[in-house]
Structures are given as structure tokens and as C-alpha cells.
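Here is my_file12.cif, consisting of mmCIF, C-alpha atoms:
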```
data_coords
#
loop_
_atom_site.label_atom_id
_atom_site.label_comp_id
_atom_site.auth_asym_id
_atom_site.auth_seq_id
_atom_site.Cartn_x
_atom_site.Cartn_y
_atom_site.Cartn_z
CA MET A 72 -55.31 14.70 -31.67
CA ALA A 73 -55.89 12.45 -28.67
CA LEU A 74 -56.75 8.80 -28.67
CA GLU A 75 -60.34 7.95 -29.56
CA ILE A 76 -62.21 5.28 -27.62
CA LEU A 77 -64.97 3.89 -29.79
CA ASP A 78 -67.63 1.24 -29.40
CA GLY A 79 -66.37 -2.29 -29.76
CA PRO A 80 -66.19 -3.28 -33.43
CA VAL A 81 -67.64 -6.47 -34.86
CA LEU A 82 -64.51 -8.21 -36.09
CA ALA A 83 -66.41 -9.99 -38.86
CA LYS A 84 -66.65 -6.55 -40.49
CA ARG A 85 -62.96 -5.75 -39.94
CA THR A 86 -61.26 -8.94 -41.10
CA THR A 87 -60.72 -10.32 -44.58
CA LEU A 88 -62.09 -13.71 -43.51
CA GLY A 89 -65.34 -12.02 -42.48
CA LEU A 90 -65.35 -13.83 -39.14
CA GLY A 91 -65.33 -12.75 -35.51
CA GLY A 92 -67.50 -11.46 -32.71
CA THR A 93 -67.66 -8.13 -30.89
CA ALA A 94 -64.71 -6.58 -29.04
CA LEU A 95 -65.05 -4.54 -25.83
CA ALA A 96 -63.93 -1.32 -27.51
CA GLU A 97 -61.70 0.17 -30.18
CA ILE A 98 -58.86 2.50 -29.21
CA ARG A 99 -57.75 4.49 -32.24
CA ALA A 100 -54.61 6.60 -32.67
CA GLY A 101 -54.41 9.19 -35.42
CA ARG A 102 -50.74 10.02 -34.88
CA HIS A 103 -47.59 8.38 -33.54
CA ASP A 104 -47.54 10.51 -30.38
CA ASP A 105 -51.14 9.63 -29.53
CA LEU A 106 -49.98 6.23 -28.34
CA GLU A 107 -48.41 7.85 -25.28
CA GLY A 108 -51.88 7.69 -23.74
CA LEU A 109 -52.54 4.08 -24.68
CA ALA A 110 -51.64 2.53 -21.32
CA GLU A 111 -54.22 4.68 -19.55
CA ALA A 112 -56.84 3.98 -22.22
CA LEU A 113 -56.27 0.24 -21.95
CA ASP A 114 -56.71 0.42 -18.18
CA ARG A 115 -60.01 2.25 -18.67
CA VAL A 116 -61.37 -0.19 -21.22
CA GLY A 117 -60.09 -3.42 -19.65
CA GLY A 118 -59.72 -6.70 -21.46
CA ARG A 119 -56.72 -7.92 -23.45
CA PRO A 120 -55.18 -5.57 -26.03
CA LEU A 121 -55.31 -6.68 -29.67
CA ALA A 122 -53.36 -4.79 -32.34
CA LEU A 123 -55.47 -4.70 -35.50
CA GLY A 124 -54.10 -3.55 -38.83
CA GLY A 125 -56.00 -4.48 -41.95
CA GLY A 126 -57.42 -7.66 -40.38
CA SER A 127 -55.89 -9.71 -43.19
CA ASN A 128 -54.09 -12.28 -41.03
CA LEU A 129 -56.61 -12.74 -38.22
CA LEU A 130 -59.02 -15.50 -37.29
CA ALA A 131 -61.26 -14.23 -34.49
CA ALA A 132 -63.69 -16.30 -32.48
CA ASP A 133 -67.44 -15.71 -32.55
CA GLY A 134 -69.39 -14.09 -29.71
CA GLU A 135 -68.38 -11.48 -27.17
CA LEU A 136 -64.58 -11.14 -27.02
CA ASP A 137 -62.67 -9.90 -23.98
CA VAL A 138 -60.33 -7.79 -26.13
CA ALA A 139 -59.71 -4.09 -26.67
CA VAL A 140 -58.84 -3.51 -30.31
CA VAL A 141 -56.04 -0.99 -30.92
CA THR A 142 -55.90 0.59 -34.37
CA LEU A 143 -54.00 3.30 -36.24
CA ALA A 144 -55.33 5.78 -38.78
CA ARG A 145 -53.94 5.71 -42.33
CA GLY A 146 -51.49 8.49 -41.57
CA ASP A 147 -49.61 10.83 -43.90
CA GLU A 148 -47.65 9.90 -47.00
CA PRO A 149 -44.40 7.99 -46.47
CA GLU A 150 -41.35 10.26 -46.49
CA ILE A 151 -37.70 9.92 -47.47
CA VAL A 152 -35.34 10.68 -44.57
CA ALA A 153 -31.59 10.77 -44.02
CA GLY A 154 -29.49 7.93 -42.63
CA ALA A 155 -29.35 5.24 -45.30
CA ALA A 156 -26.15 3.55 -46.43
CA HIS A 157 -24.73 4.25 -49.91
CA GLY A 158 -27.05 2.98 -52.66
CA LEU A 159 -30.05 2.77 -50.35
CA VAL A 160 -32.92 5.15 -49.67
CA ARG A 161 -34.39 5.39 -46.16
CA VAL A 162 -38.16 5.81 -45.87
CA ARG A 163 -40.19 6.52 -42.74
CA VAL A 164 -43.81 5.39 -42.81
CA PHE A 165 -46.68 5.37 -40.31
CA GLY A 166 -47.69 1.91 -39.13
CA GLY A 167 -51.31 2.44 -40.18
CA CYS A 168 -50.37 3.07 -43.81
CA GLY A 169 -51.79 0.42 -46.12
CA LEU A 170 -49.08 -1.94 -47.37
CA GLN A 171 -50.23 -1.67 -50.98
CA ARG A 172 -50.31 2.12 -50.67
CA LEU A 173 -46.63 1.97 -49.66
CA VAL A 174 -45.79 -0.51 -52.44
CA ALA A 175 -47.33 1.81 -55.06
CA TRP A 176 -45.57 4.86 -53.57
CA CYS A 177 -42.22 3.07 -53.78
CA ALA A 178 -42.80 1.86 -57.33
CA LYS A 179 -43.56 5.39 -58.51
CA ARG A 180 -40.20 6.55 -57.09
CA GLY A 181 -38.13 3.58 -58.22
CA LEU A 182 -37.52 2.17 -54.75
CA ALA A 183 -37.04 -1.60 -54.78
CA GLY A 184 -37.36 -4.14 -52.00
CA LEU A 185 -41.11 -4.66 -51.68
CA GLY A 186 -41.98 -5.93 -55.16
CA GLY A 187 -42.75 -9.46 -54.03
CA LEU A 188 -45.30 -8.11 -51.55
CA VAL A 189 -47.67 -6.86 -54.24
CA GLY A 190 -51.16 -8.18 -53.55
CA ILE A 191 -50.65 -8.68 -49.81
CA PRO A 192 -53.34 -6.70 -47.94
CA GLY A 193 -53.04 -5.17 -44.49
CA THR A 194 -51.00 -2.34 -43.01
CA VAL A 195 -47.29 -1.64 -42.83
CA GLY A 196 -47.20 -2.11 -39.06
CA GLY A 197 -48.97 -5.44 -39.33
CA ALA A 198 -46.71 -6.56 -42.17
CA VAL A 199 -43.61 -5.84 -40.09
CA ALA A 200 -45.08 -7.49 -36.96
CA GLY A 201 -45.75 -10.67 -38.94
CA ASN A 202 -42.72 -10.35 -41.23
CA ALA A 203 -44.93 -10.67 -44.28
CA GLY A 204 -43.24 -11.80 -47.45
CA SER A 205 -43.36 -13.73 -50.69
CA PHE A 206 -41.16 -14.65 -53.65
CA GLY A 207 -37.90 -13.98 -51.86
CA ARG A 208 -38.89 -10.62 -50.38
CA ASP A 209 -39.98 -9.95 -46.81
CA MET A 210 -40.31 -7.01 -44.47
CA ALA A 211 -37.31 -8.11 -42.41
CA GLY A 212 -35.08 -7.60 -45.43
CA VAL A 213 -35.81 -3.87 -45.56
CA THR A 214 -36.68 -2.91 -41.96
CA ALA A 215 -34.03 -0.68 -40.38
CA GLY A 216 -35.92 0.19 -37.21
CA VAL A 217 -39.34 0.67 -35.65
CA TRP A 218 -41.06 2.87 -33.14
CA ALA A 219 -43.36 0.79 -31.00
CA PHE A 220 -45.60 1.14 -27.95
CA THR A 221 -45.14 -1.35 -25.14
CA PRO A 222 -47.16 -1.29 -21.89
CA GLN A 223 -43.91 -1.29 -19.92
CA LYS A 224 -42.10 1.63 -21.60
CA GLY A 225 -44.61 3.54 -23.72
CA ILE A 226 -43.28 4.59 -27.13
CA GLY A 227 -39.66 3.72 -27.87
CA PHE A 228 -37.36 3.27 -30.85
CA PHE A 229 -35.92 -0.17 -31.61
CA GLY A 230 -32.96 -0.12 -33.98
CA PRO A 231 -30.73 -2.88 -35.40
CA GLY A 232 -29.94 -5.42 -32.71
CA GLU A 233 -33.03 -4.47 -30.72
CA PHE A 234 -35.43 -6.66 -32.69
CA SER A 235 -35.21 -10.13 -34.15
CA THR A 236 -36.79 -11.59 -37.26
CA GLY A 237 -37.31 -14.96 -38.87
CA TYR A 238 -39.75 -16.76 -41.12
CA ARG A 239 -43.07 -14.99 -40.40
CA HIS A 240 -41.56 -13.84 -37.11
CA PHE A 241 -40.76 -10.48 -35.52
CA ALA A 242 -39.94 -9.79 -31.88
CA LEU A 243 -38.74 -6.78 -29.91
CA ALA A 244 -35.80 -7.33 -27.58
CA ASN A 245 -36.81 -7.72 -23.93
CA VAL A 246 -40.51 -7.29 -24.76
CA GLU A 247 -43.05 -10.01 -24.11
CA GLY A 248 -46.72 -9.85 -24.97
CA PHE A 249 -48.52 -6.95 -26.58
CA PHE A 250 -46.78 -4.25 -28.61
CA MET A 251 -47.98 -1.85 -31.30
CA ILE A 252 -45.72 -0.67 -34.12
CA SER A 253 -46.40 3.01 -34.77
CA GLN A 254 -43.70 3.95 -37.30
CA VAL A 255 -41.22 2.04 -39.43
CA LEU A 256 -37.87 2.88 -41.03
CA LEU A 257 -37.21 1.03 -44.29
CA ASP A 258 -33.97 0.91 -46.28
CA LEU A 259 -34.85 0.37 -49.93
CA GLU A 260 -32.75 -0.07 -53.06
CA ALA A 261 -32.45 2.76 -55.56
CA ALA A 262 -33.74 1.41 -58.88
CA THR A 263 -36.01 2.54 -61.71
CA PRO A 264 -39.80 2.74 -61.65
CA GLU A 265 -39.91 0.39 -64.65
CA SER A 266 -37.92 -2.37 -62.91
CA VAL A 267 -39.91 -2.08 -59.68
CA LEU A 268 -43.22 -2.19 -61.55
CA ALA A 269 -42.05 -5.21 -63.54
CA GLU A 270 -41.18 -7.15 -60.38
CA GLY A 271 -44.55 -6.31 -58.85
CA LYS A 272 -46.44 -7.28 -62.00
CA ASN A 273 -44.66 -10.64 -62.15
CA ALA A 274 -45.41 -11.33 -58.48
CA LEU A 275 -49.08 -10.47 -58.89
CA GLU A 276 -49.45 -12.68 -61.97
CA ARG A 277 -47.90 -15.63 -60.13
CA LYS A 278 -50.23 -15.12 -57.16
CA ARG A 279 -53.30 -14.88 -59.36
CA ALA A 280 -52.35 -18.17 -60.99
CA THR A 281 -51.81 -20.09 -57.75
CA GLN A 282 -53.67 -18.39 -54.88
CA PRO A 283 -57.31 -17.41 -54.24
CA ILE A 284 -56.37 -13.75 -53.74
CA THR A 285 -59.84 -12.41 -54.57
CA ALA A 286 -61.63 -14.72 -52.11
CA ALA A 287 -62.42 -14.05 -48.44
CA THR A 288 -59.26 -15.49 -46.87
CA ALA A 289 -56.65 -14.60 -44.27
CA GLY A 290 -53.70 -15.72 -46.37
CA CYS A 291 -51.86 -18.92 -45.48
CA VAL A 292 -53.26 -20.73 -42.45
CA PHE A 293 -50.07 -22.61 -41.55
CA LYS A 294 -46.38 -21.81 -41.73
CA ASN A 295 -44.32 -24.00 -44.01
CA PRO A 296 -42.44 -26.57 -41.92
CA GLU A 297 -38.68 -26.47 -42.52
CA GLY A 298 -37.94 -27.98 -45.91
CA GLN A 299 -41.61 -28.69 -46.62
CA SER A 300 -44.71 -27.03 -48.03
CA ALA A 301 -47.73 -26.84 -45.74
CA GLY A 302 -49.97 -26.62 -48.80
CA ARG A 303 -48.54 -29.84 -50.24
CA LEU A 304 -48.95 -31.68 -46.93
CA LEU A 305 -52.56 -30.53 -46.69
CA ASP A 306 -53.16 -31.57 -50.29
CA LEU A 307 -51.74 -35.05 -49.69
CA ALA A 308 -53.85 -35.34 -46.53
CA GLY A 309 -56.98 -34.71 -48.58
CA PHE A 310 -57.77 -31.17 -47.47
CA ARG A 311 -57.68 -29.38 -50.82
CA GLY A 312 -61.29 -28.31 -51.30
CA ARG A 313 -62.35 -29.82 -47.93
CA ARG A 314 -65.42 -27.96 -46.68
CA LEU A 315 -67.34 -27.61 -43.43
CA GLY A 316 -70.42 -25.41 -43.60
CA GLY A 317 -69.37 -22.13 -45.20
CA MET A 318 -65.63 -22.66 -44.59
CA GLU A 319 -63.32 -24.41 -47.03
CA PHE A 320 -59.65 -25.13 -47.63
CA SER A 321 -59.25 -23.68 -51.10
CA ALA A 322 -59.31 -26.00 -54.09
CA MET A 323 -56.76 -23.63 -55.65
CA HIS A 324 -54.25 -23.70 -52.79
CA ALA A 325 -54.83 -26.04 -49.86
CA ASN A 326 -53.17 -23.74 -47.31
CA PHE A 327 -55.75 -20.98 -47.80
CA LEU A 328 -58.90 -21.12 -45.69
CA VAL A 329 -61.82 -19.48 -47.48
CA ASN A 330 -65.16 -18.19 -46.21
CA ARG A 331 -67.52 -19.19 -49.00
CA GLY A 332 -70.40 -17.33 -47.36
CA GLY A 333 -72.10 -17.87 -44.06
CA GLY A 334 -69.03 -19.45 -42.51
CA THR A 335 -68.43 -19.34 -38.76
CA SER A 336 -65.32 -19.25 -36.62
CA GLU A 337 -66.40 -22.53 -35.03
CA GLN A 338 -66.33 -24.18 -38.46
CA ALA A 339 -62.95 -22.61 -39.23
CA PHE A 340 -61.36 -23.83 -35.99
CA ALA A 341 -62.80 -27.31 -36.52
CA LEU A 342 -61.38 -27.55 -40.04
CA ILE A 343 -57.98 -26.31 -38.87
CA GLU A 344 -57.82 -28.85 -36.04
CA ALA A 345 -58.88 -31.68 -38.34
CA ALA A 346 -56.16 -30.69 -40.81
CA ARG A 347 -53.46 -30.54 -38.13
CA GLN A 348 -54.42 -33.96 -36.79
CA ALA A 349 -54.50 -35.52 -40.25
CA VAL A 350 -51.10 -34.14 -41.27
CA PHE A 351 -49.51 -35.23 -38.00
CA SER A 352 -51.05 -38.69 -38.26
CA MET A 353 -49.89 -39.19 -41.86
CA PHE A 354 -46.49 -37.44 -41.83
CA GLY A 355 -45.52 -36.86 -38.20
CA THR A 356 -45.37 -33.11 -38.87
CA LYS A 357 -46.88 -30.60 -36.47
CA LEU A 358 -48.26 -27.66 -38.42
CA GLU A 359 -47.81 -24.27 -36.78
CA LEU A 360 -50.36 -21.52 -37.34
CA GLU A 361 -49.34 -18.54 -39.44
CA VAL A 362 -52.71 -16.85 -39.09
CA ARG A 363 -53.16 -14.99 -35.79
CA VAL A 364 -55.98 -16.11 -33.52
CA ALA A 365 -58.13 -13.95 -31.24
CA THR A 366 -60.43 -15.73 -28.81
#
```
Target format C-alpha cells, applied to this file:
Amino acid sequence: MALEILDGPVLAKRTTLGLGGTALAEIRAGRHDDLEGLAEALDRVGGRPLALGGGSNLLAADGELDVAVVTLARGDEPEIVAGAAHGLVRVRVFGGCGLQRLVAWCAKRGLAGLGGLVGIPGTVGGAVAGNAGSFGRDMAGVTAGVWAFTPQKGIGFFGPGEFSTGYRHFALANVEGFFMISQVLLDLEAATPESVLAEGKNALERKRATQPITAATAGCVFKNPEGQSAGRLLDLAGFRGRRLGGMEFSAMHANFLVNRGGGTSEQAFALIEAARQAVFSMFGTKLELEVRVAT
């Protein structure tokens, strides 16, 4: 299967916030090897490349966007492969696989390490690229290697020591700018299905009690500053429940921006900037975006 070049998608229909204008085109890969032709396809389409997984951590501007969206199909089932250390199980998974699909697959087989990520939408590739995590678990803790496309080298494998991770951070060594994760190697703990399911259930119950997980959001807007909670700072600055048009900082958790219906990207950006200025003015803390922005 070769790469498909499709009409530019309306990002409001492809993001969990329900915001965003129209991209130049969509370049879609059905298999890992298809990305070998991505450099040529990007040259044909023009614009800036934008890797799009599930659209669950993206705030896109309104209007016509000078971006070429690059996406992956869902891919085959994850598979267990050789190479893990004693007590671990190595799994290879396509980057376009839904994160919750992988979480359920692991739970059924008693593979632990992703339980805290229950309820986080998006794809595996996107979760690795943003080092998604919650309740003491993150993708960095289980990622043993990735295959990724870079404009400079095409598809290549990056093993331990060839990528770096941190709080909501992932970077490939000697790579700047755009990259697309096509496959991931995960080293998971051998456990029991019952224990893995129990961890996931507990995580989901805690999220339901404290986060607006059923609303139209893109997860947390800001990263937590070191030793502080962005949500608490926003709450103290008066932004819990603060609304502008159809956009609102959630009354349930102040660090979640919610589209209550009819919201626009302009309103979202205005609320975010007002929040950053207020927090800096009151506490001297510069909030850093966790949500990705496409303009």
C-alpha cells in the first residue's frame, strides 16, 4: 500500500476540542514502510508537516492552515516479540494504534505498565511523542525504542540512548523539527489480568471524580511547573469556570479547557493568554503549554 494524499481535513472534525480550520492536505500511511515516500509527498503538497494522531492534545487555529497533516492508519494488533529482559515482555505496536486499544490488549494478557493511562485518548505514537502519563505511569517508563520518520534520514530505529524523555517531553537524538513515530517497542511487566484491570479501574475512577473526561477538551492546557500544580495556580487566579464565548476553563479542573459548544480557536487562545498573564502577575510563574498548537 502506498501513501494516500487526501483533501485537507477540517481539524475541528479531527480534534477532541472540536476546533481548527482546514489543512492543505492529509498524507496517510497504512503501514510502517509507507513512510519511506513521505519526503516526496511532503514536497508535492507543500506547507509545514503536522503529525496528527487522535487529535486529543491539539489546539489548532481557525481558517486556512499552511500545514500538511500526516496520519497513520490503525494498523494490526500489537504483537509480542523477543528481546525483553527477565521478567518483562516486549511488545511491538504500530504508531497509529489507539492508546486505549493497546491498554485493553495489555490488560487481557496481564501486561502491566500502562494502567495509569486508562482514559487517555489518542494514538500510541502520539502518546510516546508527548510522553503521556498519569498517576505515576508514563510512556517513557515502558518505551524501549521507536521507529520514526525524519525528513533528513527517512525511517530509522532509535534505541536506548538515542532518544530523551522528561515530563511531557520526548526528543530524538540529533533530530530537530518534524518527526513521525511509526512503530514502538514497549517493555511491560508480567502480571495478572486481574491486577492490571484493577489498576486501570482505579485510575479511571479517580479521573472521573476530578477531570471533565467526557467533555470536549484537549487534556491539560499547561504543564505543571516544578513543585507546583498548574490547576491550583489557575484556580487561585480565578480561572476555574472562567468563560469566553463557547470556551471555558473547566469548573471541575481549572487546567482543562472545554469547548461548551460553538467555541472558536480565537476565544481559546485569548483565554489561555489571559490565564498566563494572570498567573505570572500574581505568582511570578510562567506557565508552559502542554497542549500542542497548530497555527
> Pick from A:Pro149, A:Gly169, A:Pro283, A:Gly271: nearest to Gly184 of chain A, with only C-alpha atoms counted?
Replying inline: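 Between A:Pro149, A:Gly169, A:Pro283, A:Gly271, the residue approaching Gly184 of chain A most closely is A:Gly271.
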>> So, with only C-alpha atoms as the atoms that count, which of A:Ala122, A:Ala261, A:Leu307, A:Ala131 lies closest to Gly197 of chain A?
In response: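 Of the candidates, the smallest distance to Gly197 of chain A is held by A:Ala122.
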> Distance atom CA of Leu185 of chain A-atom CA of Arg208 of chain A, one decimal place?
Replying inline: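 Computing it gives 6.5 Å between the two atoms.
Of the listed residues A:Asn245, A:Asn330, A:Thr221, A:Ser352, the one whose atoms come nearest to Leu113 of chain A is A:Thr221, with distances taken using all atoms listed in the file.
Straight-line separation from atom CA of Met318 of chain A to atom CA of Gly196 of chain A: 28.2 Å.
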>> Please expand the PyMOL selection byres ((chain A and resi 228) around 6) into the concrete residues it hits in this file, giving the result as JSON, numbers by chain.
In response: {"A": [217, 218, 227, 229]}
> What gap, in Å, lies between atom CA of Arg161 of chain A and atom CA of Leu259 of chain A?
Replying inline: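 Computed distance, atom CA of Arg161 of chain A to atom CA of Leu259 of chain A, equals 6.3 Å.
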Reference answer for the PyMOL selection byres ((chain A and resi 311) around 9), as a tab-separated table (two decimals) with C-alpha atoms, in the frame of the given file:
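That gives us out.tsv:
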```
chain	number	residue	atom	x	y	z
A	302	GLY	CA	-49.97	-26.62	-48.80
A	305	LEU	CA	-52.56	-30.53	-46.69
A	306	ASP	CA	-53.16	-31.57	-50.29
A	307	LEU	CA	-51.74	-35.05	-49.69
A	308	ALA	CA	-53.85	-35.34	-46.53
A	309	GLY	CA	-56.98	-34.71	-48.58
A	310	PHE	CA	-57.77	-31.17	-47.47
A	312	GLY	CA	-61.29	-28.31	-51.30
A	313	ARG	CA	-62.35	-29.82	-47.93
A	314	ARG	CA	-65.42	-27.96	-46.68
A	319	GLU	CA	-63.32	-24.41	-47.03
A	320	PHE	CA	-59.65	-25.13	-47.63
A	321	SER	CA	-59.25	-23.68	-51.10
A	322	ALA	CA	-59.31	-26.00	-54.09
A	323	MET	CA	-56.76	-23.63	-55.65
A	324	HIS	CA	-54.25	-23.70	-52.79
A	325	ALA	CA	-54.83	-26.04	-49.86
A	326	ASN	CA	-53.17	-23.74	-47.31
```
> Between A:Asp133, A:Pro222, A:Thr142, A:Trp176, which one has atoms that come closest to Asp114 of chain A, using only C-alpha atoms?
Replying inline: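 Going through A:Asp133, A:Pro222, A:Thr142, A:Trp176 one by one, the smallest distance to Asp114 of chain A is for A:Pro222.
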>> I need the residue nearest Cys177 of chain A from this list: A:Leu88, A:Val189, A:Leu123, A:Val267. Use all atoms listed in the file for the distance.
In response: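 Closest residue, counting all atoms listed in the file: A:Val267.
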>> For this structure, which residues satisfy the selection - the PyMOL selection byres ((chain A and resi 115) around 12) - when it is evaluated on the file as given? I want them as an NGL selection string.
In response: :A and (76 or 95-98 or 108-114 or 116-120 or 139)
Got a sec: who's within 6 Å of Arg99 of chain A, counting only C-alpha atoms, leaving out chain neighbours fewer than 5 positions off, as a PDB file with C-alpha atoms, in the frame of the given file?
```
ATOM      1  CA  LEU A  74     -56.750   8.800 -28.670  1.00  0.00           C
ATOM      2  CA  GLU A  75     -60.340   7.950 -29.560  1.00  0.00           C
ATOM      3  CA  VAL A 141     -56.040  -0.990 -30.920  1.00  0.00           C
ATOM      4  CA  THR A 142     -55.900   0.590 -34.370  1.00  0.00           C
ATOM      5  CA  LEU A 143     -54.000   3.300 -36.240  1.00  0.00           C
TER       6      LEU A 143
END
```
>> Can you pull out the residues contacting Phe354 of chain A? Cut-off 12 Å, using all atoms listed in the file, and skip same-chain residues under 5 positions away; I want them as number ranges by chain.
In response: A: 296, 299, 301, 303-305, 307-308, 346-349
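Nearest-residue note for Thr356 of chain A: choosing from A:His103, A:Arg331, A:Lys294, A:Arg172, the minimum distance belongs to A:Lys294, counting all atoms listed in the file.
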